[in-house]
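Undergrad: Data file final.json (JSON, C-alpha atoms and all ligand atoms) is appended below.
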[["chain", "number", "residue", "atom", "x", "y", "z"],
["C", 1, "MET", "CA", 0.00, 0.00, 0.00],
["C", 2, "SER", "CA", 1.58, 3.26, -1.07],
["C", 3, "GLU", "CA", 0.46, 6.46, 0.52],
["C", 4, "GLU", "CA", 1.86, 9.87, -0.20],
["C", 5, "VAL", "CA", 3.13, 11.45, 2.98],
["C", 6, "LYS", "CA", 2.81, 15.22, 2.87],
["C", 7, "GLU", "CA", 5.38, 17.26, 4.72],
["C", 8, "PRO", "CA", 3.84, 19.86, 7.05],
["C", 9, "ARG", "CA", 4.13, 23.23, 5.29],
["C", 10, "GLY", "CA", 5.53, 24.91, 8.40],
["C", 11, "LEU", "CA", 8.79, 22.95, 8.20],
["C", 12, "LYS", "CA", 11.98, 23.98, 6.41],
["C", 13, "LEU", "CA", 14.09, 21.43, 4.54],
["C", 14, "ASP", "CA", 16.30, 21.01, 7.61],
["C", 15, "GLY", "CA", 13.26, 20.04, 9.67],
["C", 16, "SER", "CA", 13.07, 23.25, 11.75],
["C", 17, "SER", "CA", 9.91, 25.39, 11.81],
["C", 18, "TYR", "CA", 9.32, 28.64, 9.94],
["C", 19, "LYS", "CA", 8.85, 31.39, 12.52],
["C", 20, "VAL", "CA", 5.85, 33.71, 12.27],
["C", 21, "LEU", "CA", 5.03, 37.04, 13.93],
["C", 22, "ILE", "CA", 1.25, 37.66, 14.06],
["C", 23, "VAL", "CA", 0.09, 41.30, 14.20],
["C", 24, "ASP", "CA", -3.68, 41.72, 14.64],
["C", 25, "ASP", "CA", -5.83, 43.67, 17.10],
["C", 26, "SER", "CA", -8.43, 40.89, 17.28],
["C", 27, "ILE", "CA", -7.80, 38.05, 19.75],
["C", 28, "PHE", "CA", -10.19, 35.97, 17.66],
["C", 29, "VAL", "CA", -8.12, 36.40, 14.49],
["C", 30, "GLN", "CA", -4.89, 35.80, 16.44],
["C", 31, "LYS", "CA", -6.36, 32.54, 17.74],
["C", 32, "GLN", "CA", -7.55, 31.48, 14.28],
["C", 33, "LEU", "CA", -4.14, 32.13, 12.70],
["C", 34, "ARG", "CA", -2.36, 30.34, 15.54],
["C", 35, "GLN", "CA", -4.58, 27.25, 15.09],
["C", 36, "ILE", "CA", -4.20, 27.16, 11.31],
["C", 37, "LEU", "CA", -0.42, 27.71, 11.33],
["C", 38, "THR", "CA", 0.54, 25.45, 14.23],
["C", 39, "SER", "CA", -1.52, 22.62, 12.67],
["C", 40, "GLU", "CA", 1.22, 22.45, 10.02],
["C", 41, "GLN", "CA", 4.07, 23.07, 12.45],
["C", 42, "PHE", "CA", 4.74, 26.75, 11.87],
["C", 43, "ASP", "CA", 6.15, 28.29, 15.05],
["C", 44, "ILE", "CA", 4.42, 31.45, 16.33],
["C", 45, "ILE", "CA", 7.35, 33.39, 17.70],
["C", 46, "ASP", "CA", 5.21, 36.22, 19.08],
["C", 47, "ALA", "CA", 1.98, 38.20, 18.58],
["C", 48, "ALA", "CA", 1.21, 41.92, 18.69],
["C", 49, "SER", "CA", -2.12, 43.79, 18.95],
["C", 50, "ASP", "CA", -1.33, 47.01, 17.09],
["C", 51, "GLY", "CA", 1.12, 48.43, 14.58],
["C", 52, "THR", "CA", 3.43, 50.04, 17.13],
["C", 53, "GLU", "CA", 3.80, 46.82, 19.10],
["C", 54, "GLY", "CA", 4.18, 44.90, 15.84],
["C", 55, "VAL", "CA", 7.15, 47.01, 14.70],
["C", 56, "GLU", "CA", 8.74, 46.72, 18.16],
["C", 57, "LYS", "CA", 8.37, 42.95, 18.18],
["C", 58, "TYR", "CA", 9.67, 42.74, 14.64],
["C", 59, "LYS", "CA", 12.84, 44.57, 15.67],
["C", 60, "GLN", "CA", 13.16, 42.38, 18.75],
["C", 61, "HIS", "CA", 13.04, 39.09, 16.79],
["C", 62, "GLN", "CA", 14.14, 40.24, 13.32],
["C", 63, "ASN", "CA", 16.96, 37.73, 12.95],
["C", 64, "GLU", "CA", 14.62, 34.82, 13.57],
["C", 65, "ILE", "CA", 11.33, 35.86, 11.92],
["C", 66, "ASP", "CA", 10.62, 34.21, 8.55],
["C", 67, "VAL", "CA", 7.26, 35.87, 7.89],
["C", 68, "VAL", "CA", 4.90, 38.46, 9.40],
["C", 69, "THR", "CA", 1.10, 38.40, 9.08],
["C", 70, "LEU", "CA", -0.09, 41.99, 9.33],
["C", 71, "ASP", "CA", -3.63, 43.28, 9.85],
["C", 72, "ILE", "CA", -4.51, 46.70, 8.39],
["C", 73, "THR", "CA", -7.21, 48.25, 10.61],
["C", 74, "MET", "CA", -5.66, 48.49, 14.07],
["C", 75, "PRO", "CA", -5.47, 51.14, 16.83],
["C", 76, "ASN", "CA", -2.37, 53.30, 17.45],
["C", 77, "MET", "CA", -0.62, 52.48, 14.18],
["C", 78, "ASP", "CA", -2.36, 50.96, 11.15],
["C", 79, "GLY", "CA", -0.91, 48.05, 9.19],
["C", 80, "ILE", "CA", 0.21, 50.03, 6.14],
["C", 81, "THR", "CA", 2.29, 52.37, 8.33],
["C", 82, "ALA", "CA", 3.66, 49.39, 10.27],
["C", 83, "LEU", "CA", 4.57, 47.72, 6.95],
["C", 84, "GLU", "CA", 6.55, 50.80, 5.90],
["C", 85, "HIS", "CA", 8.46, 50.77, 9.22],
["C", 86, "ILE", "CA", 9.21, 47.04, 8.97],
["C", 87, "MET", "CA", 10.47, 47.42, 5.36],
["C", 88, "LYS", "CA", 12.80, 50.19, 6.53],
["C", 89, "VAL", "CA", 14.19, 47.95, 9.28],
["C", 90, "ASN", "CA", 14.65, 45.08, 6.80],
["C", 91, "PRO", "CA", 14.05, 45.66, 3.07],
["C", 92, "LYS", "CA", 13.95, 41.87, 2.58],
["C", 93, "ALA", "CA", 11.23, 41.31, 5.21],
["C", 94, "LYS", "CA", 8.45, 38.93, 4.16],
["C", 95, "VAL", "CA", 5.11, 40.44, 5.14],
["C", 96, "ILE", "CA", 1.63, 39.19, 4.24],
["C", 97, "MET", "CA", -1.31, 41.54, 4.78],
["C", 98, "ILE", "CA", -4.51, 40.02, 6.20],
["C", 99, "SER", "CA", -7.56, 42.28, 6.09],
["C", 100, "ALA", "CA", -11.35, 42.34, 5.85],
["C", 101, "LEU", "CA", -10.90, 45.14, 3.31],
["C", 102, "GLY", "CA", -10.18, 44.15, -0.27],
["C", 103, "LYS", "CA", -10.31, 47.62, -1.85],
["C", 104, "GLU", "CA", -8.12, 47.64, -4.95],
["C", 105, "GLU", "CA", -6.27, 50.86, -4.05],
["C", 106, "LEU", "CA", -5.46, 49.47, -0.60],
["C", 107, "VAL", "CA", -4.13, 46.19, -2.00],
["C", 108, "LYS", "CA", -1.99, 48.14, -4.50],
["C", 109, "GLN", "CA", -0.73, 50.44, -1.75],
["C", 110, "ALA", "CA", 0.34, 47.46, 0.37],
["C", 111, "LEU", "CA", 2.08, 45.66, -2.51],
["C", 112, "VAL", "CA", 3.89, 48.84, -3.55],
["C", 113, "ALA", "CA", 5.04, 49.30, 0.07],
["C", 114, "GLY", "CA", 6.62, 45.84, -0.04],
["C", 115, "ALA", "CA", 4.00, 43.32, 1.10],
["C", 116, "LYS", "CA", 4.51, 39.91, -0.54],
["C", 117, "ASN", "CA", 0.86, 38.90, -0.57],
["C", 118, "TYR", "CA", -2.61, 40.02, 0.56],
["C", 119, "ILE", "CA", -5.28, 37.78, 2.06],
["C", 120, "VAL", "CA", -8.89, 38.98, 2.35],
["C", 121, "LYS", "CA", -10.91, 37.59, 5.28],
["C", 122, "PRO", "CA", -12.84, 35.42, 6.16],
["C", 123, "LEU", "CA", -9.78, 33.22, 6.59],
["C", 124, "ASP", "CA", -9.81, 29.96, 4.71],
["C", 125, "ARG", "CA", -7.38, 27.41, 6.18],
["C", 126, "GLU", "CA", -6.06, 26.16, 2.85],
["C", 127, "LYS", "CA", -5.68, 29.68, 1.42],
["C", 128, "VAL", "CA", -3.71, 30.85, 4.47],
["C", 129, "LEU", "CA", -1.37, 27.83, 4.46],
["C", 130, "SER", "CA", -0.68, 27.84, 0.74],
["C", 131, "ARG", "CA", -0.07, 31.61, 0.47],
["C", 132, "ILE", "CA", 2.18, 31.75, 3.54],
["C", 133, "HIS", "CA", 4.08, 28.67, 2.42],
["C", 134, "ALA", "CA", 4.56, 30.16, -1.06],
["C", 135, "VAL", "CA", 6.03, 33.32, 0.47],
["C", 136, "VAL", "CA", 8.40, 31.67, 2.97],
["C", 137, "SER", "CA", 9.68, 28.99, 0.62],
["C", 138, "ARG", "CA", 10.80, 31.25, -2.22],
["O", 139, "MET", "CA", -32.30, 56.79, 2.80],
["O", 140, "ARG", "CA", -31.58, 55.12, -0.53],
["O", 141, "VAL", "CA", -32.14, 51.39, -0.70],
["O", 142, "GLU", "CA", -28.94, 50.93, -2.75],
["O", 143, "TYR", "CA", -26.90, 51.64, 0.39],
["O", 144, "ILE", "CA", -28.28, 48.70, 2.34],
["O", 145, "ASN", "CA", -27.93, 46.09, -0.42],
["O", 146, "PRO", "CA", -24.12, 45.78, -0.30],
["O", 147, "PHE", "CA", -24.34, 45.15, 3.46],
["O", 148, "VAL", "CA", -27.06, 42.54, 3.06],
["O", 149, "GLU", "CA", -25.24, 40.76, 0.22],
["O", 150, "SER", "CA", -22.00, 40.89, 2.17],
["O", 151, "ALA", "CA", -23.65, 39.49, 5.33],
["O", 152, "VAL", "CA", -25.17, 36.61, 3.36],
["O", 153, "SER", "CA", -21.90, 35.70, 1.62],
["O", 154, "VAL", "CA", -19.63, 36.13, 4.67],
["O", 155, "LEU", "CA", -21.98, 34.04, 6.85],
["O", 156, "ARG", "CA", -22.21, 31.32, 4.20],
["O", 157, "GLU", "CA", -18.43, 31.08, 4.29],
["O", 158, "VAL", "CA", -17.95, 31.14, 8.06],
["O", 159, "LEU", "CA", -20.94, 28.90, 8.89],
["O", 160, "GLY", "CA", -20.54, 26.56, 5.93],
["O", 161, "SER", "CA", -24.30, 26.37, 5.43],
["O", 162, "ASP", "CA", -27.07, 28.19, 3.59],
["O", 163, "VAL", "CA", -28.03, 31.74, 4.54],
["O", 164, "SER", "CA", -30.84, 33.79, 3.05],
["O", 165, "ARG", "CA", -32.32, 37.27, 3.33],
["O", 166, "GLY", "CA", -35.86, 38.29, 4.23],
["O", 167, "GLN", "CA", -38.01, 41.22, 3.18],
["O", 168, "ILE", "CA", -36.81, 44.77, 3.68],
["O", 169, "SER", "CA", -38.83, 46.99, 6.01],
["O", 170, "LEU", "CA", -38.73, 50.60, 7.10],
["O", 171, "GLY", "CA", -37.76, 51.21, 10.73],
["O", 172, "SER", "CA", -38.12, 54.39, 12.73],
["O", 173, "LYS", "CA", -35.67, 57.05, 13.89],
["O", 174, "ILE", "CA", -35.31, 55.17, 17.15],
["O", 175, "SER", "CA", -34.27, 51.53, 16.91],
["O", 176, "VAL", "CA", -34.73, 49.23, 19.90],
["O", 177, "LEU", "CA", -32.13, 46.50, 19.59],
["O", 178, "HIS", "CA", -31.99, 42.93, 20.89],
["O", 179, "ASP", "CA", -29.48, 41.44, 23.35],
["O", 180, "VAL", "CA", -26.42, 41.87, 21.19],
["O", 181, "ALA", "CA", -25.62, 44.75, 18.85],
["O", 182, "VAL", "CA", -22.52, 45.04, 16.68],
["O", 183, "ILE", "CA", -22.27, 48.62, 15.43],
["O", 184, "VAL", "CA", -20.10, 49.89, 12.59],
["O", 185, "GLY", "CA", -19.91, 53.61, 11.80],
["O", 186, "LEU", "CA", -19.36, 55.06, 8.33],
["O", 187, "VAL", "CA", -17.76, 58.40, 7.60],
["O", 188, "GLY", "CA", -17.16, 60.16, 4.30],
["O", 189, "GLN", "CA", -19.35, 60.63, 1.26],
["O", 190, "VAL", "CA", -21.95, 58.45, 2.97],
["O", 191, "GLU", "CA", -22.47, 58.76, 6.72],
["O", 192, "GLY", "CA", -24.28, 56.84, 9.40],
["O", 193, "ARG", "CA", -24.16, 53.42, 10.96],
["O", 194, "VAL", "CA", -24.86, 49.75, 10.34],
["O", 195, "VAL", "CA", -26.01, 47.49, 13.16],
["O", 196, "LEU", "CA", -26.11, 43.70, 13.37],
["O", 197, "ASP", "CA", -28.95, 43.09, 15.79],
["O", 198, "LEU", "CA", -28.96, 39.57, 17.32],
["O", 199, "ASP", "CA", -30.56, 37.69, 20.19],
["O", 200, "LYS", "CA", -28.22, 35.95, 22.65],
["O", 201, "THR", "CA", -28.97, 32.40, 21.54],
["O", 202, "THR", "CA", -28.31, 33.08, 17.86],
["O", 203, "ALA", "CA", -25.18, 35.09, 18.66],
["O", 204, "LEU", "CA", -23.71, 32.30, 20.81],
["O", 205, "LYS", "CA", -24.51, 29.63, 18.22],
["O", 206, "ILE", "CA", -22.82, 31.64, 15.46],
["O", 207, "VAL", "CA", -19.68, 32.34, 17.53],
["O", 208, "SER", "CA", -19.52, 28.66, 18.55],
["O", 209, "VAL", "CA", -19.35, 27.63, 14.88],
["O", 210, "MET", "CA", -16.80, 30.33, 14.10],
["O", 211, "ASN", "CA", -14.58, 29.16, 16.98],
["O", 212, "GLY", "CA", -15.10, 25.46, 16.39],
["O", 213, "GLU", "CA", -16.09, 25.00, 20.03],
["O", 214, "GLU", "CA", -19.20, 25.38, 22.18],
["O", 215, "MET", "CA", -19.49, 28.86, 23.70],
["O", 216, "THR", "CA", -22.26, 29.43, 26.22],
["O", 217, "GLU", "CA", -21.41, 32.75, 27.83],
["O", 218, "PHE", "CA", -20.33, 36.16, 26.65],
["O", 219, "ASP", "CA", -16.67, 36.86, 27.31],
["O", 220, "GLU", "CA", -13.71, 38.53, 25.66],
["O", 221, "MET", "CA", -13.45, 35.84, 22.97],
["O", 222, "THR", "CA", -17.16, 35.80, 22.02],
["O", 223, "ASN", "CA", -17.10, 39.60, 21.79],
["O", 224, "ALA", "CA", -13.94, 39.53, 19.66],
["O", 225, "THR", "CA", -15.59, 36.95, 17.39],
["O", 226, "LEU", "CA", -18.74, 39.04, 16.90],
["O", 227, "THR", "CA", -16.67, 42.17, 16.35],
["O", 228, "GLU", "CA", -14.69, 40.30, 13.69],
["O", 229, "LEU", "CA", -17.94, 39.19, 12.05],
["O", 230, "GLY", "CA", -19.00, 42.87, 11.88],
["O", 231, "ASN", "CA", -15.57, 43.74, 10.54],
["O", 232, "MET", "CA", -15.72, 41.14, 7.75],
["O", 233, "ILE", "CA", -19.29, 42.07, 6.74],
["O", 234, "SER", "CA", -18.59, 45.82, 6.66],
["O", 235, "GLY", "CA", -15.19, 45.26, 5.00],
["O", 236, "ARG", "CA", -16.69, 43.34, 2.10],
["O", 237, "ALA", "CA", -19.57, 45.83, 1.75],
["O", 238, "VAL", "CA", -17.22, 48.81, 1.75],
["O", 239, "THR", "CA", -15.05, 47.11, -0.87],
["O", 240, "ARG", "CA", -18.17, 46.71, -3.03],
["O", 241, "LEU", "CA", -19.34, 50.30, -2.44],
["O", 242, "ALA", "CA", -15.85, 51.57, -3.34],
["O", 243, "GLU", "CA", -16.12, 49.68, -6.65],
["O", 244, "LEU", "CA", -19.40, 51.54, -7.22],
["O", 245, "GLY", "CA", -17.60, 54.84, -6.67],
["O", 246, "TYR", "CA", -18.52, 55.71, -3.08],
["O", 247, "LYS", "CA", -15.65, 56.95, -0.97],
["O", 248, "PHE", "CA", -15.75, 56.56, 2.78],
["O", 249, "ASP", "CA", -14.22, 54.75, 5.71],
["O", 250, "VAL", "CA", -15.63, 52.47, 8.38],
["O", 251, "THR", "CA", -14.89, 52.75, 12.07],
["O", 252, "PRO", "CA", -13.85, 49.56, 13.90],
["O", 253, "PRO", "CA", -16.97, 47.75, 15.15],
["O", 254, "ALA", "CA", -18.25, 48.31, 18.68],
["O", 255, "ILE", "CA", -20.28, 45.68, 20.52],
["O", 256, "PHE", "CA", -23.08, 46.13, 23.05],
["O", 257, "VAL", "CA", -24.38, 43.19, 25.05],
["O", 258, "GLY", "CA", -27.74, 43.86, 26.74],
["O", 259, "SER", "CA", -30.66, 45.55, 25.01],
["O", 260, "SER", "CA", -30.01, 49.06, 23.78],
["O", 261, "THR", "CA", -31.53, 51.78, 21.64],
["O", 262, "VAL", "CA", -29.97, 53.84, 18.87],
["O", 263, "SER", "CA", -31.43, 57.09, 17.61],
["O", 264, "ASP", "CA", -30.77, 58.53, 14.18],
["O", 265, "THR", "CA", -31.73, 61.58, 12.21],
["O", 266, "ILE", "CA", -33.33, 59.42, 9.52],
["O", 267, "GLU", "CA", -35.48, 56.30, 9.46],
["O", 268, "SER", "CA", -33.52, 53.08, 9.28],
["O", 269, "LEU", "CA", -33.97, 50.20, 6.87],
["O", 270, "ILE", "CA", -34.08, 46.67, 8.25],
["O", 271, "VAL", "CA", -33.42, 43.36, 6.51],
["O", 272, "PRO", "CA", -33.63, 39.98, 8.30],
["O", 273, "ILE", "CA", -30.82, 37.49, 7.64],
["O", 274, "VAL", "CA", -31.86, 33.88, 8.12],
["O", 275, "THR", "CA", -29.29, 31.22, 9.11],
["O", 276, "GLU", "CA", -29.75, 27.65, 10.35],
["O", 277, "PHE", "CA", -28.77, 28.94, 13.82],
["O", 278, "GLY", "CA", -31.50, 31.57, 13.91],
["O", 279, "ALA", "CA", -32.31, 34.88, 12.28],
["O", 280, "PHE", "CA", -30.96, 38.33, 13.02],
["O", 281, "LYS", "CA", -31.43, 41.80, 11.59],
["O", 282, "ILE", "CA", -29.26, 44.20, 9.69],
["O", 283, "ASN", "CA", -30.37, 47.69, 10.60],
["O", 284, "VAL", "CA", -28.91, 50.46, 8.45],
["O", 285, "ALA", "CA", -29.22, 54.24, 8.67],
["O", 286, "LEU", "CA", -27.04, 56.01, 6.10],
["O", 287, "ARG", "CA", -27.29, 59.27, 4.27],
["O", 288, "GLU", "CA", -25.26, 61.22, 1.74],
["O", 289, "ARG", "CA", -23.45, 64.23, 3.09],
["E", 301, "MG", "MG", -8.20, 44.69, 12.77]]
Mind turning this structure into structure tokens?

TA:
Amino acid sequence: MSEEVKEPRGLKLDGSSYKVLIVDDSIFVQKQLRQILTSEQFDIIDAASDGTEGVEKYKQHQNEIDVVTLDITMPNMDGITALEHIMKVNPKAKVIMISALGKEELVKQALVAGAKNYIVKPLDREKVLSRIHAVVSR
Amino acid sequence: MRVEYINPFVESAVSVLREVLGSDVSRGQISLGSKISVLHDVAVIVGLVGQVEGRVVLDLDKTTALKIVSVMNGEEMTEFDEMTNATLTELGNMISGRAVTRLAELGYKFDVTPPAIFVGSSTVSDTIESLIVPIVTEFGAFKINVALRER
């Protein structure tokens, strides 16, 4: 009996986990992302609830973080501003925007500012895993 | 208030709920409310500012609200706490986000405020009559109550 064994998408070739920073002001969305990502062995290195905290935590863990998921509508500092700060800290940073807003101009703005991808909520497990995997593995 | 403002919110609520509940959702008949809306146990309120102004309310009873958040969390939730409130707020966020995206495609420019949630019955008063559309899910029905006007 031959069965194809699929490698969890959160693992690198050397068997260690990709490390993710989650930035979202909703504890519900944070929980959802955590569940989806850890189910395929991504490692959630930290989470932040607004843009300011997100940038701080990015700086704190920048040598280890493989990818950031970044919400747009948040208090204190919005996600587009946080994205600009993160890209200044590390022009090679891999950031994926996750928002309930899919307005074309906003998506363009985020991609121009350096985001690698843009996911519109509601979150679909397969969509989240495949897009994040595509970004970290290239 | 023009009926075309409420439709994107109703369509968005139906499609977002179909996705998060994984079952069929339909809309009921539109009706005209008054300037004072008496809301049920749980109200999720989103404000709109810009070319169109006003507010959109998801008006639910406790049982329906808890059943919907239980499905969204993949676990039974029987009491209101930080997580149930965050889940309902996120539902409001996704519904208004998709509606605003649609209205932007139609040429309307405005922003939405992050949703606020009120648990316990409440009343909202507006300067115009609201429009109400029931949304029917397998976990119970709730109302979308919209009062918007052009500036
Ligand atoms: Mg948010």

Undergrad: To check your reading of the model: which residues sit at most 10 Å from ligand MG 301 (chain E) when counting all atoms listed in the file? Write the answer as number ranges by chain.

TA: C: 23-27, 29, 49-50, 70-75, 78-79, 98-101; O: 227-228, 231-232, 252-253

Undergrad: Of the residues O:Thr202, O:Asn145, O:Ser175, O:Ser150, which is the one nearest to chain C, using all atoms listed in the file?

TA: O:Ser150

Undergrad: For a test of reading the model, state the distance in Å between atom CA of C:Glu40 and atom CA of C:Leu129, rounded to one decimal.

TA: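 Result for atom CA of C:Glu40 versus atom CA of C:Leu129: 8.2 Å, one decimal.
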
Undergrad: So that I can check the surroundings of O:Val154, please list as a compact mmCIF listing (two decimals) with C-alpha atoms, in the coordinates of the input every protein, DNA and RNA residue that reaches within 10 Å of it, counting only C-alpha atoms and ignoring chain neighbours fewer than 3 positions away.

TA:
# COMPACT_ATOMS: atom_id res chain seq x y z
CA LYS C 121 -10.91 37.59 5.28
CA PRO C 122 -12.84 35.42 6.16
CA VAL O 148 -27.06 42.54 3.06
CA GLU O 149 -25.24 40.76 0.22
CA SER O 150 -22.00 40.89 2.17
CA ALA O 151 -23.65 39.49 5.33
CA GLU O 157 -18.43 31.08 4.29
CA VAL O 158 -17.95 31.14 8.06
CA LEU O 159 -20.94 28.90 8.89
CA GLY O 160 -20.54 26.56 5.93
CA VAL O 163 -28.03 31.74 4.54
CA LEU O 229 -17.94 39.19 12.05
CA GLY O 230 -19.00 42.87 11.88
CA MET O 232 -15.72 41.14 7.75
CA ILE O 233 -19.29 42.07 6.74
CA SER O 234 -18.59 45.82 6.66
CA ARG O 236 -16.69 43.34 2.10

Undergrad: Name all residues at most 8 Å from stretch 203-219 of chain O (count only C-alpha atoms; drop same-chain ones fewer than 4 positions away) and give them as a list of chain:residue names.

TA: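 Contacts, in chain order: C:Gln32, O:Val158, O:Leu159, O:Val180, O:Leu198, O:Asp199, O:Asn223, O:Thr225, O:Leu226, O:Phe277.
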
Undergrad: Keeping C-alpha atoms for every residue in the selection just given, could you write it to a file as a CSV table (one decimal), in the coordinates of the input?

TA:
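Contents of again_27.csv, freshly written:
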chain,number,residue,atom,x,y,z
C,32,GLN,CA,-7.6,31.5,14.3
O,158,VAL,CA,-18.0,31.1,8.1
O,159,LEU,CA,-20.9,28.9,8.9
O,180,VAL,CA,-26.4,41.9,21.2
O,198,LEU,CA,-29.0,39.6,17.3
O,199,ASP,CA,-30.6,37.7,20.2
O,223,ASN,CA,-17.1,39.6,21.8
O,225,THR,CA,-15.6,37.0,17.4
O,226,LEU,CA,-18.7,39.0,16.9
O,277,PHE,CA,-28.8,28.9,13.8

Undergrad: For a quick check of understanding, using only C-alpha atoms, which of C:Ala82, C:Leu37, C:Val136, C:Val89 has the smallest distance to C:Gln62?

TA: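 Checking each candidate against C:Gln62, we get C:Val89 as the closest.
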
Undergrad: I'd like to know which of O:Ser153, O:Ser172, O:Ser161, O:Thr201 is closest to chain C, using only C-alpha atoms.

TA: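 Distance minimum relative to chain C lands on O:Ser153.
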
Undergrad: List every protein, DNA or RNA residue with an atom no more than 10 Å from (-11.0, 52.6, 0.8) in the file's coordinates, counting only C-alpha atoms, and format the result as a ChimeraX atom specification.

TA: /C:101-107 /O:235,238-239,241-243,246-250

Undergrad: What does the distance between atom CA of O:Gly171 and atom CA of O:Val284 come to in Å, to one decimal place?

TA: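 Result for atom CA of O:Gly171 versus atom CA of O:Val284: 9.2 Å, one decimal.
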
Undergrad: Every residue with an atom at most 6 Å from (-26.8, 44.1, 8.1) (file coordinates; only C-alpha atoms) is what I'm after, so could you write them as JSON, numbers by chain?

TA: {"O": [147, 148, 196, 282, 283]}

Undergrad: What separation in Å, quoted to one decimal, exists between atom CA of O:Ala285 and atom CA of O:Val187?

TA: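 Atom CA of O:Ala285 sits 12.2 Å away from atom CA of O:Val187.
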
Undergrad: Tell me, as a PDB file with C-alpha atoms, in the coordinates of the input, which residues lie within 10 Å of C:Ser137, counting all atoms listed in the file; anything in the same chain fewer than 5 positions away does not count.

TA:
ATOM      1  CA  ARG C   9       4.130  23.230   5.290  1.00  0.00           C
ATOM      2  CA  GLY C  10       5.530  24.910   8.400  1.00  0.00           C
ATOM      3  CA  LEU C  11       8.790  22.950   8.200  1.00  0.00           C
ATOM      4  CA  LYS C  12      11.980  23.980   6.410  1.00  0.00           C
ATOM      5  CA  LEU C  13      14.090  21.430   4.540  1.00  0.00           C
ATOM      6  CA  TYR C  18       9.320  28.640   9.940  1.00  0.00           C
ATOM      7  CA  ASP C  66      10.620  34.210   8.550  1.00  0.00           C
ATOM      8  CA  ILE C 132       2.180  31.750   3.540  1.00  0.00           C
TER       9      ILE C 132
END

Undergrad: With distances taken over all atoms listed in the file, which residue among O:Arg287, O:Arg156, O:Lys281, O:Arg140 lies nearest chain C?

TA: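 Nearest to chain C: O:Arg156.
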
Undergrad: Please list as a PyMOL selection string every residue within 9 Å of C:Val20, counting all atoms listed in the file and excluding residues in the same chain fewer than 6 positions away.

TA: chain C and resi 37+42-47+64-69

Undergrad: Kindly export the residues of the current selection with C-alpha atoms, as a CSV table (one decimal), keeping the file's coordinate frame.

TA:
chain,number,residue,atom,x,y,z
C,37,LEU,CA,-0.4,27.7,11.3
C,42,PHE,CA,4.7,26.8,11.9
C,43,ASP,CA,6.2,28.3,15.0
C,44,ILE,CA,4.4,31.4,16.3
C,45,ILE,CA,7.4,33.4,17.7
C,46,ASP,CA,5.2,36.2,19.1
C,47,ALA,CA,2.0,38.2,18.6
C,64,GLU,CA,14.6,34.8,13.6
C,65,ILE,CA,11.3,35.9,11.9
C,66,ASP,CA,10.6,34.2,8.6
C,67,VAL,CA,7.3,35.9,7.9
C,68,VAL,CA,4.9,38.5,9.4
C,69,THR,CA,1.1,38.4,9.1
